[in-house]
file protein_20.txt (compact mmCIF, C-alpha atoms and all ligand atoms)
# COMPACT_ATOMS: atom_id res chain seq x y z
CA MET A 1 -39.98 -56.37 -25.33
CA SER A 2 -40.67 -55.60 -29.01
CA GLU A 3 -37.03 -55.11 -30.11
CA THR A 4 -35.47 -57.40 -32.69
CA ALA A 5 -31.94 -57.63 -34.10
CA TYR A 6 -30.42 -55.11 -36.53
CA ASP A 7 -31.76 -55.67 -40.06
CA PRO A 8 -29.22 -54.58 -42.74
CA GLN A 9 -32.07 -54.11 -45.25
CA ASN A 10 -33.24 -50.90 -43.52
CA ILE A 11 -33.19 -47.80 -45.75
CA PHE A 12 -30.17 -46.18 -44.04
CA GLY A 13 -28.20 -49.42 -44.39
CA LYS A 14 -28.98 -49.22 -48.13
CA ILE A 15 -27.89 -45.56 -48.26
CA LEU A 16 -24.63 -46.42 -46.45
CA ARG A 17 -23.93 -49.18 -49.00
CA GLY A 18 -24.68 -46.80 -51.89
CA GLU A 19 -27.75 -48.82 -52.98
CA VAL A 20 -30.13 -45.88 -52.47
CA PRO A 21 -29.26 -42.22 -53.25
CA CYS A 22 -29.24 -39.40 -50.74
CA HIS A 23 -28.43 -35.69 -50.58
CA LYS A 24 -25.18 -36.06 -48.65
CA VAL A 25 -23.79 -33.08 -46.74
CA TYR A 26 -20.93 -34.68 -44.78
CA GLU A 27 -18.91 -37.88 -44.54
CA ASP A 28 -15.93 -39.00 -42.47
CA ALA A 29 -14.53 -42.37 -41.39
CA HIS A 30 -17.32 -42.84 -38.86
CA VAL A 31 -20.53 -41.18 -40.12
CA ILE A 32 -22.46 -39.83 -43.05
CA ALA A 33 -24.97 -36.99 -42.87
CA PHE A 34 -27.72 -36.36 -45.43
CA MET A 35 -30.96 -34.46 -45.86
CA ASP A 36 -34.12 -35.95 -44.37
CA VAL A 37 -36.52 -36.51 -47.29
CA MET A 38 -39.49 -35.50 -45.11
CA PRO A 39 -38.00 -32.46 -43.41
CA GLN A 40 -39.63 -31.07 -40.28
CA ALA A 41 -37.80 -27.81 -40.95
CA ASP A 42 -35.67 -26.49 -43.81
CA GLY A 43 -32.19 -27.95 -43.41
CA HIS A 44 -33.37 -31.04 -41.45
CA THR A 45 -30.34 -33.34 -41.61
CA LEU A 46 -29.76 -36.89 -40.37
CA VAL A 47 -26.38 -37.96 -38.97
CA VAL A 48 -25.83 -41.71 -39.27
CA PRO A 49 -22.93 -43.81 -37.92
CA LYS A 50 -21.40 -46.27 -40.37
CA VAL A 51 -21.16 -49.04 -37.75
CA PRO A 52 -24.59 -50.67 -37.60
CA SER A 53 -26.83 -50.63 -34.54
CA ARG A 54 -30.62 -50.37 -34.27
CA ASN A 55 -30.43 -47.29 -32.06
CA LEU A 56 -28.79 -45.78 -28.98
CA LEU A 57 -29.67 -48.78 -26.84
CA ASP A 58 -27.43 -51.30 -28.62
CA ALA A 59 -24.74 -48.88 -29.88
CA ASP A 60 -21.07 -49.03 -28.93
CA PRO A 61 -20.24 -45.99 -26.71
CA VAL A 62 -17.15 -45.33 -28.84
CA VAL A 63 -19.42 -45.01 -31.90
CA LEU A 64 -21.64 -42.62 -29.91
CA GLY A 65 -18.60 -40.44 -29.29
CA HIS A 66 -17.83 -40.15 -33.00
CA LEU A 67 -21.52 -39.62 -33.74
CA THR A 68 -21.86 -36.81 -31.21
CA ALA A 69 -18.79 -35.02 -32.55
CA ALA A 70 -20.27 -35.18 -36.07
CA VAL A 71 -23.68 -34.01 -34.83
CA GLN A 72 -22.04 -30.94 -33.33
CA LYS A 73 -20.24 -30.20 -36.60
CA VAL A 74 -23.41 -30.58 -38.68
CA ALA A 75 -25.54 -28.63 -36.16
CA ARG A 76 -23.17 -25.66 -36.30
CA ALA A 77 -23.15 -25.72 -40.10
CA ALA A 78 -26.94 -26.13 -40.42
CA LYS A 79 -27.53 -23.24 -38.01
CA ALA A 80 -25.22 -21.00 -40.03
CA ALA A 81 -26.56 -22.16 -43.43
CA PHE A 82 -30.17 -21.35 -42.51
CA SER A 83 -29.45 -18.31 -40.31
CA ALA A 84 -31.32 -20.19 -37.58
CA ASP A 85 -31.88 -18.98 -34.02
CA GLY A 86 -31.20 -22.45 -32.60
CA VAL A 87 -30.85 -26.12 -33.47
CA ALA A 88 -32.95 -29.04 -32.20
CA VAL A 89 -31.31 -32.46 -31.95
CA TYR A 90 -33.70 -35.45 -31.76
CA GLN A 91 -33.06 -39.17 -31.47
CA TYR A 92 -35.74 -41.91 -31.09
CA ASN A 93 -35.31 -45.47 -29.79
CA GLU A 94 -37.79 -48.17 -30.88
CA ALA A 95 -41.24 -47.73 -32.40
CA ALA A 96 -42.86 -46.87 -29.06
CA ALA A 97 -40.62 -43.80 -28.94
CA GLY A 98 -41.27 -42.77 -32.57
CA GLN A 99 -38.40 -44.57 -34.35
CA THR A 100 -39.32 -45.58 -37.90
CA VAL A 101 -35.90 -46.46 -39.40
CA PHE A 102 -33.97 -49.00 -37.35
CA HIS A 103 -30.39 -47.88 -37.94
CA LEU A 104 -29.16 -45.41 -35.31
CA HIS A 105 -29.48 -41.79 -36.46
CA VAL A 106 -29.70 -38.29 -35.02
CA HIS A 107 -32.01 -35.57 -36.37
CA VAL A 108 -30.56 -32.05 -36.65
CA LEU A 109 -33.16 -29.30 -37.19
CA PRO A 110 -32.38 -25.62 -37.63
CA ARG A 111 -35.05 -23.75 -35.66
CA HIS A 112 -36.28 -20.16 -35.94
CA ASP A 113 -37.95 -18.17 -33.17
CA GLY A 114 -41.74 -18.64 -33.30
CA VAL A 115 -41.70 -21.26 -36.10
CA ALA A 116 -43.06 -24.70 -35.08
CA PRO A 117 -41.47 -27.79 -36.63
CA ARG A 118 -43.58 -29.72 -39.17
CA ARG A 119 -44.99 -33.20 -38.42
CA HIS A 120 -42.46 -36.03 -37.98
CA ALA A 121 -42.21 -38.15 -41.18
CA GLY A 122 -44.84 -35.93 -42.89
CA GLY A 123 -44.72 -35.09 -46.63
CA MET A 124 -41.90 -35.82 -49.08
CA ALA A 125 -39.93 -32.69 -50.00
CA ASP A 126 -39.07 -31.51 -53.49
CA GLN A 127 -35.75 -33.11 -54.58
CA LYS A 128 -34.46 -29.85 -56.09
CA MET A 129 -35.07 -28.05 -52.82
CA LEU A 130 -33.29 -30.81 -50.85
CA ALA A 131 -30.31 -30.59 -53.22
CA GLU A 132 -30.16 -26.83 -52.74
CA HIS A 133 -30.39 -27.14 -48.94
CA ALA A 134 -27.64 -29.80 -48.94
CA GLU A 135 -25.41 -27.47 -50.93
CA ARG A 136 -25.97 -24.69 -48.38
CA ILE A 137 -24.93 -26.96 -45.50
CA ARG A 138 -21.89 -28.31 -47.41
CA ALA A 139 -20.79 -24.72 -48.06
CA ALA A 140 -21.22 -23.84 -44.36
CA LEU A 141 -19.17 -26.92 -43.38
CA GLN A 142 -16.36 -25.66 -45.56
CA GLY A 143 -16.61 -22.08 -44.32
P1 LIG B 1 -37.05 -41.88 -37.07
O1 LIG B 1 -38.51 -41.81 -36.77
O2 LIG B 1 -36.21 -41.19 -36.05
O3 LIG B 1 -36.63 -43.31 -37.32
O4 LIG B 1 -36.85 -41.04 -38.38
C1 LIG B 1 -36.54 -41.55 -39.62
C2 LIG B 1 -36.44 -40.38 -40.55
O5 LIG B 1 -35.91 -40.85 -41.76
C3 LIG B 1 -37.74 -39.68 -40.88
O6 LIG B 1 -37.63 -38.31 -40.48
C4 LIG B 1 -37.89 -39.83 -42.38
O7 LIG B 1 -38.40 -38.69 -42.98
C5 LIG B 1 -36.46 -40.11 -42.81
N1 LIG B 1 -36.28 -40.90 -44.02
C6 LIG B 1 -36.93 -42.03 -44.38
N2 LIG B 1 -36.45 -42.50 -45.55
C7 LIG B 1 -35.46 -41.67 -45.93
C8 LIG B 1 -34.56 -41.59 -47.04
N3 LIG B 1 -34.60 -42.50 -48.02
N4 LIG B 1 -33.67 -40.58 -47.11
C9 LIG B 1 -33.62 -39.63 -46.13
N5 LIG B 1 -34.45 -39.64 -45.04
C10 LIG B 1 -35.34 -40.63 -44.95

call {"tool": "encode", "arguments": {"input": "protein_20.txt", "output": "structure tokens"}}
result
Amino acid sequence: MSETAYDPQNIFGKILRGEVPCHKVYEDAHVIAFMDVMPQADGHTLVVPKVPSRNLLDADPVVLGHLTAAVQKVARAAKAAFSADGVAVYQYNEAAAGQTVFHLHVHVLPRHDGVAPRRHAGGMADQKMLAEHAERIRAALQG
């Protein structure tokens, strides 16, 4: 077993505490959602529960309920904001499965017919573009 305990110094823990900035699109009592800085598709958003856990494996099922409800909300908005044909929802548990940030999170990717997603954790996106994409999703959440 390679798992260790939750480390509050992970980057999403820092974002949740306001120590590191993000392009936030949604927040409620249970989650925040913000743009992935290395998007695999335009509009790639991460939904992150406020209660800490490393991943799905050690999460409280009640937290998973709140998280799933928020993922649905963000997925609908991201699909509308990017006129997507569908939405992919990804979630990785431990390094062997591709997890790189060890605070539970769900990836939401608007997908278009015939367009392959970019590499996971590939290049950093332009900050202006991320800000503009976040604004589009915020507007769709309000619409
Ligand atoms: P995972 O492999 O599921 O742990 O994915 C972690 C994701 O977090 C990757 O897609 C990264 O691009 C993304 N990421 C890493 N640092 C940040 C950050 N500071 N703000 C937003 N997204 C980030």

call {"tool": "closest_residue", "arguments": {"input": "protein_20.txt", "among": "A:Val25, A:Leu67, A:Val37, A:Ile32", "to": "ligand LIG 1 (chain B)", "atoms": "all atoms listed in the file"}}
result
A:Val37

call {"tool": "atom_distance", "arguments": {"input": "protein_20.txt", "atom1": "atom CA of A:Val20", "atom2": "atom C4 of ligand LIG 1 (chain B)"}}
result
14.1 Å

call {"tool": "closest_residue", "arguments": {"input": "protein_20.txt", "among": "A:Ile137, A:His66, A:Gly114, A:Lys24", "to": "A:Asp85", "atoms": "only C-alpha atoms"}}
result
A:Gly114

call {"tool": "closest_residue", "arguments": {"input": "protein_20.txt", "among": "A:Glu27, A:Glu19, A:Asp42, A:Glu132", "to": "A:Pro117", "atoms": "only C-alpha atoms"}}
result
A:Asp42

call {"tool": "residues_near_ligand", "arguments": {"input": "protein_20.txt", "ligand": "ligand LIG 1 (chain B)", "cutoff": "9 Å", "atoms": "all atoms listed in the file", "output": "VMD selection string"}}
result
chain A and resid 11 to 12 14 to 15 20 to 23 34 to 40 44 to 46 90 to 95 97 to 107 120 to 124

call {"tool": "write_last_selection", "arguments": {"input": "protein_20.txt", "atoms": "C-alpha atoms", "output": "PDB file, keeping the file's coordinate frame"}}
result
ATOM      1  CA  ILE A  11     -33.190 -47.800 -45.750  1.00  0.00           C
ATOM      2  CA  PHE A  12     -30.170 -46.180 -44.040  1.00  0.00           C
ATOM      3  CA  LYS A  14     -28.980 -49.220 -48.130  1.00  0.00           C
ATOM      4  CA  ILE A  15     -27.890 -45.560 -48.260  1.00  0.00           C
ATOM      5  CA  VAL A  20     -30.130 -45.880 -52.470  1.00  0.00           C
ATOM      6  CA  PRO A  21     -29.260 -42.220 -53.250  1.00  0.00           C
ATOM      7  CA  CYS A  22     -29.240 -39.400 -50.740  1.00  0.00           C
ATOM      8  CA  HIS A  23     -28.430 -35.690 -50.580  1.00  0.00           C
ATOM      9  CA  PHE A  34     -27.720 -36.360 -45.430  1.00  0.00           C
ATOM     10  CA  MET A  35     -30.960 -34.460 -45.860  1.00  0.00           C
ATOM     11  CA  ASP A  36     -34.120 -35.950 -44.370  1.00  0.00           C
ATOM     12  CA  VAL A  37     -36.520 -36.510 -47.290  1.00  0.00           C
ATOM     13  CA  MET A  38     -39.490 -35.500 -45.110  1.00  0.00           C
ATOM     14  CA  PRO A  39     -38.000 -32.460 -43.410  1.00  0.00           C
ATOM     15  CA  GLN A  40     -39.630 -31.070 -40.280  1.00  0.00           C
ATOM     16  CA  HIS A  44     -33.370 -31.040 -41.450  1.00  0.00           C
ATOM     17  CA  THR A  45     -30.340 -33.340 -41.610  1.00  0.00           C
ATOM     18  CA  LEU A  46     -29.760 -36.890 -40.370  1.00  0.00           C
ATOM     19  CA  TYR A  90     -33.700 -35.450 -31.760  1.00  0.00           C
ATOM     20  CA  GLN A  91     -33.060 -39.170 -31.470  1.00  0.00           C
ATOM     21  CA  TYR A  92     -35.740 -41.910 -31.090  1.00  0.00           C
ATOM     22  CA  ASN A  93     -35.310 -45.470 -29.790  1.00  0.00           C
ATOM     23  CA  GLU A  94     -37.790 -48.170 -30.880  1.00  0.00           C
ATOM     24  CA  ALA A  95     -41.240 -47.730 -32.400  1.00  0.00           C
ATOM     25  CA  ALA A  97     -40.620 -43.800 -28.940  1.00  0.00           C
ATOM     26  CA  GLY A  98     -41.270 -42.770 -32.570  1.00  0.00           C
ATOM     27  CA  GLN A  99     -38.400 -44.570 -34.350  1.00  0.00           C
ATOM     28  CA  THR A 100     -39.320 -45.580 -37.900  1.00  0.00           C
ATOM     29  CA  VAL A 101     -35.900 -46.460 -39.400  1.00  0.00           C
ATOM     30  CA  PHE A 102     -33.970 -49.000 -37.350  1.00  0.00           C
ATOM     31  CA  HIS A 103     -30.390 -47.880 -37.940  1.00  0.00           C
ATOM     32  CA  LEU A 104     -29.160 -45.410 -35.310  1.00  0.00           C
ATOM     33  CA  HIS A 105     -29.480 -41.790 -36.460  1.00  0.00           C
ATOM     34  CA  VAL A 106     -29.700 -38.290 -35.020  1.00  0.00           C
ATOM     35  CA  HIS A 107     -32.010 -35.570 -36.370  1.00  0.00           C
ATOM     36  CA  HIS A 120     -42.460 -36.030 -37.980  1.00  0.00           C
ATOM     37  CA  ALA A 121     -42.210 -38.150 -41.180  1.00  0.00           C
ATOM     38  CA  GLY A 122     -44.840 -35.930 -42.890  1.00  0.00           C
ATOM     39  CA  GLY A 123     -44.720 -35.090 -46.630  1.00  0.00           C
ATOM     40  CA  MET A 124     -41.900 -35.820 -49.080  1.00  0.00           C
TER      41      MET A 124
END

call {"tool": "closest_residue", "arguments": {"input": "protein_20.txt", "among": "A:Arg76, A:Ser53, A:Pro110, A:Ala96", "to": "A:Asn10", "atoms": "all atoms listed in the file"}}
result
A:Ser53

call {"tool": "atom_distance", "arguments": {"input": "protein_20.txt", "atom1": "atom CA of A:Ala70", "atom2": "atom CA of A:Val48"}}
result
9.2 Å

call {"tool": "atom_distance", "arguments": {"input": "protein_20.txt", "atom1": "atom CA of A:Leu141", "atom2": "atom CA of A:Lys73"}}
result
7.6 Å

call {"tool": "closest_residue", "arguments": {"input": "protein_20.txt", "among": "A:Pro49, A:Asp60, A:Arg111, A:Asp126", "to": "A:Ala88", "atoms": "only C-alpha atoms"}}
result
A:Arg111

call {"tool": "closest_residue", "arguments": {"input": "protein_20.txt", "among": "A:Ala59, A:Ala84, A:Ala69, A:Ala77", "to": "A:Asp28", "atoms": "all atoms listed in the file"}}
result
A:Ala69

call {"tool": "decode", "arguments": {"input": "protein_20.txt", "residues": "stretch 118-134 of chain A", "atoms": "N, CA, C and O atoms", "output": "compact mmCIF listing (two decimals), in the first residue's frame"}}
result
# COMPACT_ATOMS: atom_id res chain seq x y z
N ARG A 118 -6.92 16.85 -24.45
CA ARG A 118 -5.46 17.01 -24.40
C ARG A 118 -4.90 16.14 -23.27
O ARG A 118 -5.65 15.63 -22.44
N ARG A 119 -3.57 16.04 -23.21
CA ARG A 119 -2.88 15.21 -22.22
C ARG A 119 -3.21 15.66 -20.79
O ARG A 119 -3.29 16.86 -20.52
N HIS A 120 -3.37 14.71 -19.88
CA HIS A 120 -3.63 15.01 -18.47
C HIS A 120 -2.43 15.73 -17.86
O HIS A 120 -1.29 15.28 -18.01
N ALA A 121 -2.69 16.87 -17.16
CA ALA A 121 -1.63 17.66 -16.53
C ALA A 121 -0.54 18.02 -17.54
O ALA A 121 0.65 17.92 -17.27
N GLY A 122 -0.96 18.45 -18.76
CA GLY A 122 -0.04 18.90 -19.81
C GLY A 122 0.38 20.34 -19.55
O GLY A 122 0.72 20.69 -18.43
N GLY A 123 0.29 21.21 -20.57
CA GLY A 123 0.79 22.59 -20.44
C GLY A 123 -0.11 23.52 -19.65
O GLY A 123 -1.32 23.33 -19.59
N MET A 124 0.54 24.53 -19.03
CA MET A 124 -0.20 25.58 -18.31
C MET A 124 -0.95 26.45 -19.31
O MET A 124 -0.39 26.85 -20.33
N ALA A 125 -2.19 26.80 -19.01
CA ALA A 125 -2.99 27.64 -19.90
C ALA A 125 -2.74 29.11 -19.60
O ALA A 125 -2.28 29.48 -18.52
N ASP A 126 -3.06 29.94 -20.57
CA ASP A 126 -2.99 31.39 -20.42
C ASP A 126 -4.01 31.83 -19.36
O ASP A 126 -5.19 31.44 -19.41
N GLN A 127 -3.56 32.67 -18.42
CA GLN A 127 -4.43 33.09 -17.30
C GLN A 127 -5.64 33.89 -17.79
O GLN A 127 -6.74 33.77 -17.24
N LYS A 128 -5.42 34.72 -18.83
CA LYS A 128 -6.54 35.53 -19.36
C LYS A 128 -7.62 34.62 -19.93
O LYS A 128 -8.82 34.87 -19.77
N MET A 129 -7.16 33.59 -20.63
CA MET A 129 -8.12 32.64 -21.21
C MET A 129 -8.89 31.91 -20.11
O MET A 129 -10.11 31.75 -20.18
N LEU A 130 -8.18 31.49 -19.05
CA LEU A 130 -8.86 30.80 -17.94
C LEU A 130 -9.90 31.72 -17.29
O LEU A 130 -11.00 31.28 -16.95
N ALA A 131 -9.54 33.00 -17.14
CA ALA A 131 -10.47 33.95 -16.52
C ALA A 131 -11.71 34.10 -17.40
O ALA A 131 -12.85 34.15 -16.89
N GLU A 132 -11.50 34.13 -18.70
CA GLU A 132 -12.64 34.28 -19.63
C GLU A 132 -13.52 33.03 -19.61
O GLU A 132 -14.76 33.11 -19.58
N HIS A 133 -12.88 31.86 -19.55
CA HIS A 133 -13.66 30.61 -19.50
C HIS A 133 -14.44 30.51 -18.19
O HIS A 133 -15.60 30.05 -18.18
N ALA A 134 -13.81 30.93 -17.08
CA ALA A 134 -14.50 30.91 -15.78
C ALA A 134 -15.73 31.80 -15.83
O ALA A 134 -16.81 31.44 -15.34
